[in-house]
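Student: work.txt is reproduced below (compact mmCIF, C-alpha atoms and all ligand atoms).
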```
# COMPACT_ATOMS: atom_id res chain seq x y z
CA MET T 924 16.11 -8.02 -25.59
CA PRO T 925 17.09 -4.76 -27.30
CA THR T 926 20.88 -4.47 -27.35
CA ARG T 927 21.91 -2.59 -30.47
CA THR T 928 20.74 0.89 -29.53
CA SER T 929 23.60 2.80 -27.91
CA LEU T 930 22.63 4.42 -24.63
CA GLY T 931 24.34 7.27 -22.79
CA TRP T 932 23.62 8.07 -19.15
CA ILE T 933 24.36 11.38 -17.41
CA GLY T 934 24.10 11.53 -13.61
CA THR T 935 24.60 8.65 -11.20
CA GLY T 936 23.32 10.14 -7.95
CA ARG T 937 20.92 8.15 -5.76
CA MET T 938 18.36 7.75 -8.55
CA GLY T 939 20.53 7.78 -11.67
CA TYR T 940 22.87 5.10 -10.35
CA ALA T 941 20.07 2.64 -9.59
CA MET T 942 18.38 3.33 -12.95
CA ALA T 943 21.55 2.95 -15.02
CA GLU T 944 22.38 -0.19 -13.05
CA ARG T 945 19.15 -1.82 -14.22
CA LEU T 946 19.95 -1.04 -17.86
CA ALA T 947 23.51 -2.32 -17.48
CA LYS T 948 22.36 -5.49 -15.74
CA GLY T 949 19.75 -5.93 -18.48
CA GLY T 950 22.56 -6.19 -21.03
CA CYS T 951 22.18 -2.78 -22.72
CA ASP T 952 25.01 -1.08 -24.55
CA ILE T 953 25.37 1.78 -22.05
CA ALA T 954 28.05 4.37 -21.34
CA VAL T 955 27.80 6.43 -18.18
CA TRP T 956 29.18 9.78 -17.02
CA ASN T 957 28.94 11.41 -13.60
CA ARG T 958 30.50 14.68 -12.46
CA THR T 959 31.96 12.81 -9.47
CA LYS T 960 33.28 9.84 -11.41
CA GLN T 961 33.87 7.48 -8.49
CA LYS T 962 30.11 7.31 -7.89
CA ALA T 963 29.67 5.82 -11.38
CA ASP T 964 32.69 3.49 -11.31
CA PRO T 965 30.94 0.47 -9.70
CA LEU T 966 28.62 0.30 -12.73
CA ALA T 967 31.53 -1.06 -14.75
CA LYS T 968 31.15 -4.42 -13.04
CA HIS T 969 27.68 -4.73 -14.60
CA GLY T 970 29.01 -4.05 -18.09
CA ALA T 971 28.54 -0.27 -18.33
CA LYS T 972 31.34 1.79 -19.82
CA VAL T 973 32.17 4.58 -17.38
CA VAL T 974 33.56 7.53 -19.31
CA ASN T 975 35.78 10.37 -18.11
CA ARG T 976 34.42 13.06 -20.41
CA LEU T 977 30.79 13.94 -20.95
CA GLU T 978 31.52 14.60 -24.62
CA GLU T 979 32.06 10.86 -25.04
CA LEU T 980 28.27 10.45 -24.79
CA SER T 981 27.47 13.08 -27.43
CA THR T 982 26.54 10.80 -30.30
CA LYS T 983 24.59 8.05 -28.54
CA ASP T 984 21.23 6.93 -29.91
CA ILE T 985 19.46 7.75 -26.66
CA LEU T 986 20.97 10.01 -24.02
CA PHE T 987 19.33 9.77 -20.59
CA VAL T 988 19.74 12.63 -18.11
CA MET T 989 19.15 12.30 -14.34
CA VAL T 990 20.68 15.23 -12.46
CA SER T 991 19.03 17.73 -10.08
CA THR T 992 17.55 21.02 -11.30
CA TYR T 993 16.94 22.59 -14.70
CA GLU T 994 20.15 24.63 -14.33
CA ASP T 995 22.10 21.38 -13.94
CA VAL T 996 20.29 19.80 -16.88
CA LYS T 997 21.14 22.81 -19.02
CA GLN T 998 24.81 22.64 -18.07
CA VAL T 999 25.18 18.95 -18.91
CA ILE T 1000 23.17 19.22 -22.14
CA ASP T 1001 25.20 22.23 -23.33
CA GLN T 1002 28.37 20.28 -22.66
CA ALA T 1003 27.07 17.08 -24.25
CA LEU T 1004 25.96 18.83 -27.42
CA ALA T 1005 29.09 20.95 -27.81
CA LYS T 1006 30.85 18.30 -29.88
CA GLY T 1007 28.07 16.17 -31.39
CA LYS T 1008 24.42 15.23 -31.23
CA PRO T 1009 22.56 12.27 -29.81
CA LYS T 1010 19.47 11.09 -31.72
CA MET T 1011 17.27 11.47 -28.67
CA VAL T 1012 17.41 12.94 -25.17
CA VAL T 1013 15.24 11.41 -22.43
CA GLU T 1014 15.25 13.82 -19.48
CA CYS T 1015 14.22 12.16 -16.20
CA SER T 1016 15.08 14.78 -13.51
CA SER T 1017 12.21 16.62 -11.81
CA ILE T 1018 12.38 20.01 -13.54
CA SER T 1019 9.96 22.86 -14.23
CA LEU T 1020 7.55 23.09 -17.10
CA GLU T 1021 9.31 26.17 -18.40
CA GLY T 1022 12.76 24.59 -18.16
CA SER T 1023 11.51 21.54 -19.99
CA ALA T 1024 9.92 23.68 -22.73
CA GLN T 1025 13.17 25.63 -23.18
CA LEU T 1026 15.08 22.37 -23.44
CA ARG T 1027 12.59 21.07 -26.03
CA LYS T 1028 13.01 24.23 -28.10
CA PHE T 1029 16.78 24.01 -27.97
CA LEU T 1030 16.94 20.29 -28.79
CA SER T 1031 14.43 20.66 -31.60
CA SER T 1032 16.62 23.43 -33.12
CA GLN T 1033 19.45 20.86 -33.06
CA GLY T 1034 17.32 18.14 -34.67
CA VAL T 1035 17.37 16.04 -31.48
CA GLU T 1036 14.21 14.20 -30.38
CA TYR T 1037 13.18 14.91 -26.79
CA LEU T 1038 11.09 13.12 -24.22
CA ALA T 1039 10.22 14.51 -20.81
CA ALA T 1040 10.27 11.40 -18.62
CA PRO T 1041 10.24 12.13 -14.87
CA VAL T 1042 9.88 9.25 -12.45
CA SER T 1043 8.07 8.06 -9.33
CA GLY T 1044 10.02 6.10 -6.72
CA ASN T 1045 13.27 6.27 -4.78
CA ALA T 1046 16.47 4.24 -5.14
CA LYS T 1047 15.03 1.38 -3.08
CA VAL T 1048 11.90 1.35 -5.23
CA ILE T 1049 14.12 1.11 -8.31
CA LYS T 1050 16.01 -1.84 -6.82
CA ALA T 1051 12.67 -3.52 -6.13
CA GLY T 1052 11.80 -3.04 -9.83
CA LYS T 1053 8.89 -0.72 -9.08
CA LEU T 1054 9.98 2.57 -10.64
CA THR T 1055 7.40 4.22 -12.91
CA PHE T 1056 7.76 6.94 -15.57
CA VAL T 1057 5.37 9.55 -16.84
CA VAL T 1058 6.30 10.56 -20.36
CA SER T 1059 5.41 13.30 -22.84
CA GLY T 1060 6.72 14.27 -26.27
CA PRO T 1061 6.38 12.78 -29.74
CA LYS T 1062 4.64 9.40 -29.59
CA ALA T 1063 7.08 7.87 -32.08
CA ALA T 1064 10.04 8.83 -29.89
CA TYR T 1065 8.25 7.32 -26.90
CA GLU T 1066 7.84 4.01 -28.71
CA LYS T 1067 11.61 3.94 -29.38
CA ALA T 1068 12.52 4.66 -25.76
CA ARG T 1069 9.81 2.52 -24.21
CA PRO T 1070 11.71 -0.82 -24.03
CA TYR T 1071 14.44 0.87 -21.96
CA LEU T 1072 11.95 2.65 -19.72
CA ASP T 1073 10.26 -0.71 -19.14
CA MET T 1074 13.59 -2.30 -18.15
CA MET T 1075 13.99 0.23 -15.36
CA GLY T 1076 10.73 -0.54 -13.57
CA THR T 1077 7.08 -1.42 -13.96
CA GLY T 1078 6.55 0.70 -17.05
CA SER T 1079 5.57 4.15 -18.16
CA SER T 1080 2.45 6.23 -18.71
CA TYR T 1081 2.38 8.30 -21.91
CA VAL T 1082 0.37 11.45 -21.22
CA GLY T 1083 0.66 13.37 -24.51
CA GLU T 1084 2.73 15.98 -26.31
CA GLY T 1085 4.95 18.75 -24.95
CA GLU T 1086 5.61 19.16 -21.23
CA LEU T 1087 2.50 17.44 -19.84
CA ALA T 1088 4.66 14.86 -18.06
CA ARG T 1089 6.23 17.66 -16.02
CA ILE T 1090 2.83 18.73 -14.73
CA ALA T 1091 1.96 15.13 -13.88
CA LYS T 1092 5.23 14.71 -11.98
CA ILE T 1093 4.81 18.02 -10.16
CA CYS T 1094 1.28 16.97 -9.09
CA HIS T 1095 2.68 13.64 -7.92
CA ASN T 1096 5.40 15.23 -5.79
CA VAL T 1097 3.02 17.76 -4.31
CA MET T 1098 1.04 14.75 -3.13
CA LEU T 1099 4.24 13.22 -1.75
CA GLY T 1100 4.86 16.35 0.36
CA VAL T 1101 1.30 16.71 1.60
CA VAL T 1102 0.96 13.00 2.38
CA ILE T 1103 4.24 12.74 4.34
CA GLN T 1104 3.30 15.82 6.38
CA ASN T 1105 -0.12 14.36 7.16
CA LEU T 1106 1.36 10.93 7.91
CA CYS T 1107 3.71 12.58 10.42
CA GLU T 1108 0.85 14.55 11.99
CA ILE T 1109 -1.39 11.55 12.53
CA THR T 1110 1.45 9.31 13.71
CA ILE T 1111 2.38 11.87 16.36
CA LEU T 1112 -1.28 12.29 17.33
CA ALA T 1113 -1.59 8.50 17.74
CA GLN T 1114 1.59 8.38 19.83
CA LYS T 1115 0.58 11.29 22.05
CA ALA T 1116 -2.75 9.56 22.64
CA GLY T 1117 -0.85 6.52 23.90
CA MET T 1118 -0.24 4.22 20.92
CA GLN T 1119 3.08 2.91 19.72
CA ARG T 1120 3.94 4.19 16.26
CA HIS T 1121 4.50 0.74 14.80
CA ALA T 1122 1.09 -0.44 16.00
CA PHE T 1123 -0.71 2.55 14.54
CA LEU T 1124 1.13 2.32 11.22
CA ASP T 1125 0.53 -1.43 11.04
CA PHE T 1126 -3.20 -0.70 11.13
CA LEU T 1127 -2.95 2.16 8.63
CA ASN T 1128 -0.87 0.14 6.19
CA LYS T 1129 -3.37 -2.72 6.20
CA SER T 1130 -6.30 -0.36 5.72
CA VAL T 1131 -7.67 1.12 2.50
CA MET T 1132 -5.61 4.24 3.26
CA GLY T 1133 -2.33 2.31 3.26
CA SER T 1134 -0.19 2.53 0.12
CA MET T 1135 3.20 1.47 -1.21
CA PHE T 1136 4.38 4.89 -0.01
CA THR T 1137 3.00 4.68 3.55
CA ARG T 1138 4.47 1.18 3.81
CA TYR T 1139 7.95 2.06 2.64
CA LYS T 1140 8.10 5.13 4.88
CA THR T 1141 7.04 3.11 7.95
CA PRO T 1142 10.56 1.94 9.00
CA ALA T 1143 11.73 5.56 9.02
CA LEU T 1144 8.80 6.74 11.13
CA VAL T 1145 9.00 3.81 13.56
CA ASN T 1146 12.77 3.44 14.01
CA LEU T 1147 13.77 7.01 13.12
CA ASP T 1148 16.20 5.85 10.46
CA PHE T 1149 16.50 8.99 8.38
CA HIS T 1150 19.03 7.68 5.90
CA VAL T 1151 18.34 9.98 2.99
CA THR T 1152 16.12 8.84 0.10
CA PHE T 1153 15.08 12.34 -0.95
CA THR T 1154 16.33 15.55 0.57
CA PRO T 1155 14.14 18.25 2.14
CA LYS T 1156 15.54 20.77 -0.34
CA LEU T 1157 14.62 18.64 -3.36
CA LEU T 1158 11.10 18.27 -1.95
CA ARG T 1159 10.90 22.04 -1.39
CA LYS T 1160 11.90 22.52 -5.03
CA ASP T 1161 8.99 20.32 -6.09
CA LEU T 1162 6.46 22.06 -3.84
CA ASP T 1163 7.67 25.38 -5.26
CA LEU T 1164 7.18 23.98 -8.77
CA GLY T 1165 3.65 22.97 -7.76
CA LEU T 1166 2.84 26.42 -6.40
CA GLU T 1167 4.30 28.01 -9.52
CA ALA T 1168 2.12 25.78 -11.72
CA GLY T 1169 -0.89 26.62 -9.54
CA ARG T 1170 -0.29 30.33 -10.17
CA LYS T 1171 0.23 29.77 -13.88
CA PHE T 1172 -3.00 27.80 -14.30
CA GLU T 1173 -4.92 29.77 -11.63
CA ALA T 1174 -5.56 26.67 -9.52
CA PRO T 1175 -5.57 27.22 -5.74
CA MET T 1176 -3.24 24.92 -3.76
CA PRO T 1177 -3.91 25.66 -0.07
CA LEU T 1178 -2.53 22.41 1.36
CA THR T 1179 0.60 22.72 -0.77
CA SER T 1180 1.24 26.27 0.51
CA LEU T 1181 0.96 25.16 4.11
CA THR T 1182 3.11 22.08 3.61
CA ARG T 1183 5.76 24.16 1.85
CA ASP T 1184 5.93 26.50 4.85
CA LEU T 1185 6.22 23.60 7.31
CA LEU T 1186 9.03 22.13 5.23
CA GLN T 1187 10.65 25.57 5.11
CA GLN T 1188 10.60 25.71 8.92
CA MET T 1189 12.50 22.44 9.02
CA ILE T 1190 15.04 23.63 6.46
CA GLY T 1191 15.34 26.92 8.41
CA HIS T 1192 16.32 24.86 11.47
CA GLY T 1193 19.21 23.45 9.42
CA MET T 1194 17.59 20.03 8.98
CA THR T 1195 18.68 19.54 5.39
CA GLU T 1196 20.98 16.54 5.22
CA GLN T 1197 18.69 13.71 6.27
CA ASP T 1198 15.57 12.26 4.70
CA PHE T 1199 12.50 14.46 4.23
CA SER T 1200 10.66 12.19 6.67
CA THR T 1201 12.45 14.11 9.48
CA LEU T 1202 9.25 16.16 9.25
CA ILE T 1203 8.10 13.80 12.02
CA LEU T 1204 10.73 15.32 14.35
CA MET T 1205 9.30 18.80 13.72
CA GLN T 1206 5.81 17.51 14.33
CA ALA T 1207 6.85 15.80 17.58
CA LYS T 1208 8.54 18.97 18.80
CA ALA T 1209 5.44 21.00 18.00
CA ALA T 1210 3.37 18.45 19.98
CA GLY T 1211 5.81 18.65 22.90
CA ILE T 1212 7.03 15.06 22.83
CA GLU T 1213 10.50 13.50 22.59
CA LEU T 1214 10.75 10.80 19.95
CA GLU T 1215 12.75 7.62 20.53
CA PRO T 1216 13.34 4.82 18.02
CA GLU T 1217 11.00 1.89 18.71
CA HIS T 1218 13.57 -0.70 17.53
CA LYS T 1219 10.83 -2.80 15.92
CA GLU T 1220 11.32 -4.87 12.83
CA VAL T 1221 8.80 -3.47 10.41
CA GLY T 1222 8.57 -4.31 6.72
CA ASP T 1223 8.86 -1.68 4.00
CA GLY T 1224 6.56 -3.55 1.61
CA LEU T 1225 9.33 -3.58 -1.02
CA SER T 1226 11.60 -6.39 0.03
CA SER T 1227 9.35 -9.41 -0.54
N1 LIG E 1301 15.52 10.69 -4.58
C1 LIG E 1301 14.26 10.49 -4.88
O1 LIG E 1301 13.51 9.83 -4.15
C2 LIG E 1301 13.70 11.05 -6.18
C3 LIG E 1301 12.50 10.51 -6.66
C4 LIG E 1301 11.99 10.95 -7.89
C5 LIG E 1301 12.66 11.97 -8.57
N2 LIG E 1301 13.79 12.51 -8.06
C6 LIG E 1301 14.45 13.57 -8.85
O2 LIG E 1301 15.54 12.94 -9.52
C7 LIG E 1301 16.61 13.88 -9.65
C8 LIG E 1301 17.86 13.27 -9.01
O3 LIG E 1301 17.60 13.03 -7.64
P1 LIG E 1301 18.64 12.23 -6.71
O4 LIG E 1301 17.91 11.94 -5.46
O5 LIG E 1301 19.28 11.14 -7.50
O6 LIG E 1301 19.71 13.38 -6.44
P2 LIG E 1301 21.26 13.23 -6.03
O7 LIG E 1301 21.52 11.93 -5.36
O8 LIG E 1301 21.57 14.51 -5.33
O9 LIG E 1301 22.02 13.18 -7.44
C9 LIG E 1301 22.11 14.29 -8.27
C10 LIG E 1301 22.97 13.91 -9.47
O10 LIG E 1301 23.05 15.03 -10.36
C11 LIG E 1301 24.42 15.34 -10.58
N3 LIG E 1301 24.52 16.79 -10.79
C12 LIG E 1301 23.89 17.75 -10.08
N4 LIG E 1301 24.21 18.97 -10.56
C13 LIG E 1301 25.06 18.76 -11.59
C14 LIG E 1301 25.73 19.61 -12.49
N5 LIG E 1301 25.58 20.93 -12.43
N6 LIG E 1301 26.54 19.05 -13.41
C15 LIG E 1301 26.70 17.72 -13.48
N7 LIG E 1301 26.08 16.85 -12.66
C16 LIG E 1301 25.27 17.36 -11.73
C17 LIG E 1301 25.13 14.85 -9.36
O11 LIG E 1301 26.51 14.68 -9.63
P3 LIG E 1301 27.56 14.51 -8.40
O12 LIG E 1301 27.48 13.06 -8.03
O13 LIG E 1301 28.85 14.90 -8.97
O14 LIG E 1301 27.10 15.42 -7.30
C18 LIG E 1301 24.40 13.53 -9.12
O15 LIG E 1301 24.82 12.54 -10.05
C19 LIG E 1301 16.13 15.19 -9.01
O16 LIG E 1301 15.61 16.03 -10.00
C20 LIG E 1301 15.05 14.72 -8.06
O17 LIG E 1301 14.11 15.74 -7.77
C21 LIG E 1301 14.36 12.04 -6.90
```
Please rewrite the model in this file as C-alpha cells.
Ligand SMILES: NC(=O)c1ccc[n+]([C@@H]2O[C@H](COP(=O)([O-])OP(=O)(O)OC[C@H]3O[C@@H](n4cnc5c(N)ncnc54)[C@H](OP(=O)(O)O)[C@@H]3O)[C@@H](O)[C@H]2O)c1
Tutor:
Amino acid sequence: MPTRTSLGWIGTGRMGYAMAERLAKGGCDIAVWNRTKQKADPLAKHGAKVVNRLEELSTKDILFVMVSTYEDVKQVIDQALAKGKPKMVVECSSISLEGSAQLRKFLSSQGVEYLAAPVSGNAKVIKAGKLTFVVSGPKAAYEKARPYLDMMGTGSSYVGEGELARIAKICHNVMLGVVIQNLCEITILAQKAGMQRHAFLDFLNKSVMGSMFTRYKTPALVNLDFHVTFTPKLLRKDLDLGLEAGRKFEAPMPLTSLTRDLLQQMIGHGMTEQDFSTLILMQAKAAGIELEPEHKEVGDGLSS
C-alpha cells in the first residue's frame, strides 16, 4: 500500500468527501481543506488531517481538487499556489475543456504536473467502491497518481494527452441527462397506461436496457425520494458544456439541446434544490397525472 506520498485534498462536498474518505480509510497520508470546514471535520476520525488554511496544502506531492466550476477551481488553485507548489495537481471537478487547458498552461508555467481526472458516479457509488475516473495528461504523471485513483473506486481509463478526459466526461454527462429524461418519459408513459412504476422499472432493470444507472435511480423514481445526489444546476452546466463542445467541433447534438431546455423549464419553476431526477415530476405534470410515492422496497443495485 502506498503511504509515503503526501496527498492534499481540496473540496469535501458530496463527492469530494466520499473520495477523500476512501483515501483516508486506505491509510494514505492525506490533509484536507474545505471552504466550510465543518463538512471536512469528520474525516479526521479516519486519519485525515483537516487543515484550517488552504495554503497548508501547497507543497503536497499530489494535490487533488474536487470543487464545482472552473471559476471555483481557479480560485482554490490561485490560493494554493500563492505560497508554494505541489508536485502534481489532479483536478477531478467537471469543468470545461477551455478551463482545463488554461489550468494546464498555468500549472505548466509553475512547473507543476497536471492531470485532468473527472469522475463517473455519485457519493453512493463512491461508498459502494464503484467510482471510475477518466484521465488525460502526461502518461508518467498518470502512473504516479494511478494507485490513489484506484483506491477511490474501480479504476481509471487513460485517454491520452491534454484535455481529452474533459471531452469524455462531458459526453458521459450528456448521456446522463438524456437518459434520465428518457427514463422519466417512459416511466410516466408506463404509469399512465396503467402500470405501477416499480413493476415497469423492475422489468427494465432486468432487461438488456437496464444499467447500474437505471438501477440506482429506481428508488427515486418509485418512492419519489429526491434526496440530492446531483443538482439540476450542475447537470445544466454539463449539458451546456456538451453543447459548447458540439459547437466547437461542429457536431450536432439535437437530443442534448432538447434535454437542456426541459431541464431549464424545471429550473425556471424553481426546482433547484432536490435531485435532478425531479425531472419525473415535470414529466408527470406534462402528462396530466399526480405522482404519489409507491412505498415499495426496491434495490438500488449498489448495496449488495
Ligand atoms: N454529485 C454527483 O453526482 C457528481 C458526479 C460526478 C461529478 N460531479 C462533479 O463533481 C464536482 C463536485 O460536485 P458535488 O456534487 O460534490 O458538489 P457539492 O456537493 O456542491 O460540493 C462542491 C464543493 O466545492 C466547494 N466549493 C465550491 N466553490 C468553491 C469556491 N469558490 N472556493 C472553495 N470551495 C468551493 C464546496 O465548498 P463548501 O462546502 O464550502 O460549499 C464543496 O466542497 C462538480 O464539478 C460536479 O459537476 C458530481
Student: Restricting the calculation to all atoms listed in the file, which member of T:Val1131, T:Leu1225, T:Val1097, T:Ala1051 is positioned closest to Pro1177 (chain T)?
Tutor: T:Val1097
Student: At most 12 Å is the cut-off: for each residue in region 1140-1162 of chain T with any atom that close to an atom of region 980-992 of chain T, write down the nearest atom pair and the distance in Å rounded to one decimal, counting only C-alpha atoms, chain first then increasing number, as JSON lines.
Tutor:
```
{"residue": "T:Phe1153", "atom": "CA", "partner": "T:Ser991", "partner_atom": "CA", "distance": 11.3}
{"residue": "T:Thr1154", "atom": "CA", "partner": "T:Ser991", "partner_atom": "CA", "distance": 11.2}
{"residue": "T:Lys1156", "atom": "CA", "partner": "T:Ser991", "partner_atom": "CA", "distance": 10.8}
{"residue": "T:Leu1157", "atom": "CA", "partner": "T:Ser991", "partner_atom": "CA", "distance": 8.1}
{"residue": "T:Leu1158", "atom": "CA", "partner": "T:Ser991", "partner_atom": "CA", "distance": 11.4}
{"residue": "T:Arg1159", "atom": "CA", "partner": "T:Thr992", "partner_atom": "CA", "distance": 12.0}
{"residue": "T:Lys1160", "atom": "CA", "partner": "T:Thr992", "partner_atom": "CA", "distance": 8.6}
{"residue": "T:Asp1161", "atom": "CA", "partner": "T:Thr992", "partner_atom": "CA", "distance": 10.0}
```
Student: Could you give me, as number ranges by chain, the residues within 8 Å of Leu1186 (chain T), counting only C-alpha atoms and dropping anything in the same chain fewer than 4 positions from it?
Tutor: T: 1155, 1159, 1182, 1190, 1202
Student: Within 9 Å of ligand LIG 1301 (chain E), which residues show up when you count all atoms listed in the file? List them as number ranges by chain, please.
Tutor: T: 933-941, 956-963, 988-999, 1015-1018, 1041-1048, 1092, 1096, 1151-1154, 1157-1158, 1160-1161
Student: What gap, in Å, lies between CA of Ala1063 (chain T) and CA of Pro1009 (chain T)?
Tutor: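 One can read the CA of Ala1063 (chain T) to CA of Pro1009 (chain T) distance as 16.3 Å.
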Student: At a cut-off of 9 Å around the point (28.9, 15.9, -25.3) (file coordinates), what residues fall inside when counting all atoms listed in the file? I'd like the answer as a PDB file with C-alpha atoms, in the frame of the given file.
Tutor:
```pdb
ATOM      1  CA  ARG T 976      34.420  13.060 -20.410  1.00  0.00           C
ATOM      2  CA  LEU T 977      30.790  13.940 -20.950  1.00  0.00           C
ATOM      3  CA  GLU T 978      31.520  14.600 -24.620  1.00  0.00           C
ATOM      4  CA  GLU T 979      32.060  10.860 -25.040  1.00  0.00           C
ATOM      5  CA  LEU T 980      28.270  10.450 -24.790  1.00  0.00           C
ATOM      6  CA  SER T 981      27.470  13.080 -27.430  1.00  0.00           C
ATOM      7  CA  THR T 982      26.540  10.800 -30.300  1.00  0.00           C
ATOM      8  CA  VAL T 999      25.180  18.950 -18.910  1.00  0.00           C
ATOM      9  CA  ILE T1000      23.170  19.220 -22.140  1.00  0.00           C
ATOM     10  CA  ASP T1001      25.200  22.230 -23.330  1.00  0.00           C
ATOM     11  CA  GLN T1002      28.370  20.280 -22.660  1.00  0.00           C
ATOM     12  CA  ALA T1003      27.070  17.080 -24.250  1.00  0.00           C
ATOM     13  CA  LEU T1004      25.960  18.830 -27.420  1.00  0.00           C
ATOM     14  CA  ALA T1005      29.090  20.950 -27.810  1.00  0.00           C
ATOM     15  CA  LYS T1006      30.850  18.300 -29.880  1.00  0.00           C
ATOM     16  CA  GLY T1007      28.070  16.170 -31.390  1.00  0.00           C
ATOM     17  CA  LYS T1008      24.420  15.230 -31.230  1.00  0.00           C
ATOM     18  CA  PRO T1009      22.560  12.270 -29.810  1.00  0.00           C
TER      19      PRO T1009
END
```
Student: Quick one: distance from CA of Lys972 (chain T) to CA of Ala947 (chain T) in Å, one decimal?
Tutor: 9.1 Å
Student: List as a list in words the residues having at least one atom at most 10 Å from position (8.3, 21.2, -19.6) as given in the file, counting only C-alpha atoms.
Tutor: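 The requested residues, written out, are Ser1017, Ile1018, Ser1019, Leu1020, Glu1021, Gly1022, Ser1023, Ala1024, Gln1025, Leu1026, Arg1027, Leu1038, Ala1039, Ser1059, Gly1060, Gly1085, Glu1086, Leu1087, Ala1088, Arg1089 and Ile1090 of chain T.
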Student: To one decimal in Å, tell me the separation between CA of Leu1144 (chain T) and CA of His1121 (chain T).
Tutor: 8.2 Å
Student: Using all atoms listed in the file, which residue out of T:Leu966, T:Leu1178, T:Cys1107, T:Leu1185 lies closest to Phe1123 (chain T)?
Tutor: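 For Phe1123 (chain T), the nearest of the given residues is T:Cys1107.
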Student: Which residue, T:Ala1210, T:Ala1091, T:Ala1122, T:Leu1127, has the smallest gap to Ala1168 (chain T) when you use all atoms listed in the file?
Tutor: T:Ala1091
Student: Can you pull out the residues contacting Lys1062 (chain T)? Cut-off 12 Å, using all atoms listed in the file, and skip same-chain residues under 4 positions away; I want them as a VMD selection string.
Tutor: chain T and resid 1036 to 1039 1058 1066 to 1069 1080 to 1085
Student: Using only C-alpha atoms, which of T:Ile1049, T:Val1057, T:Gly1193, T:Tyr1071 sits nearest Thr928 (chain T)?
Tutor: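 Of the candidates, the smallest distance to Thr928 (chain T) is held by T:Tyr1071.
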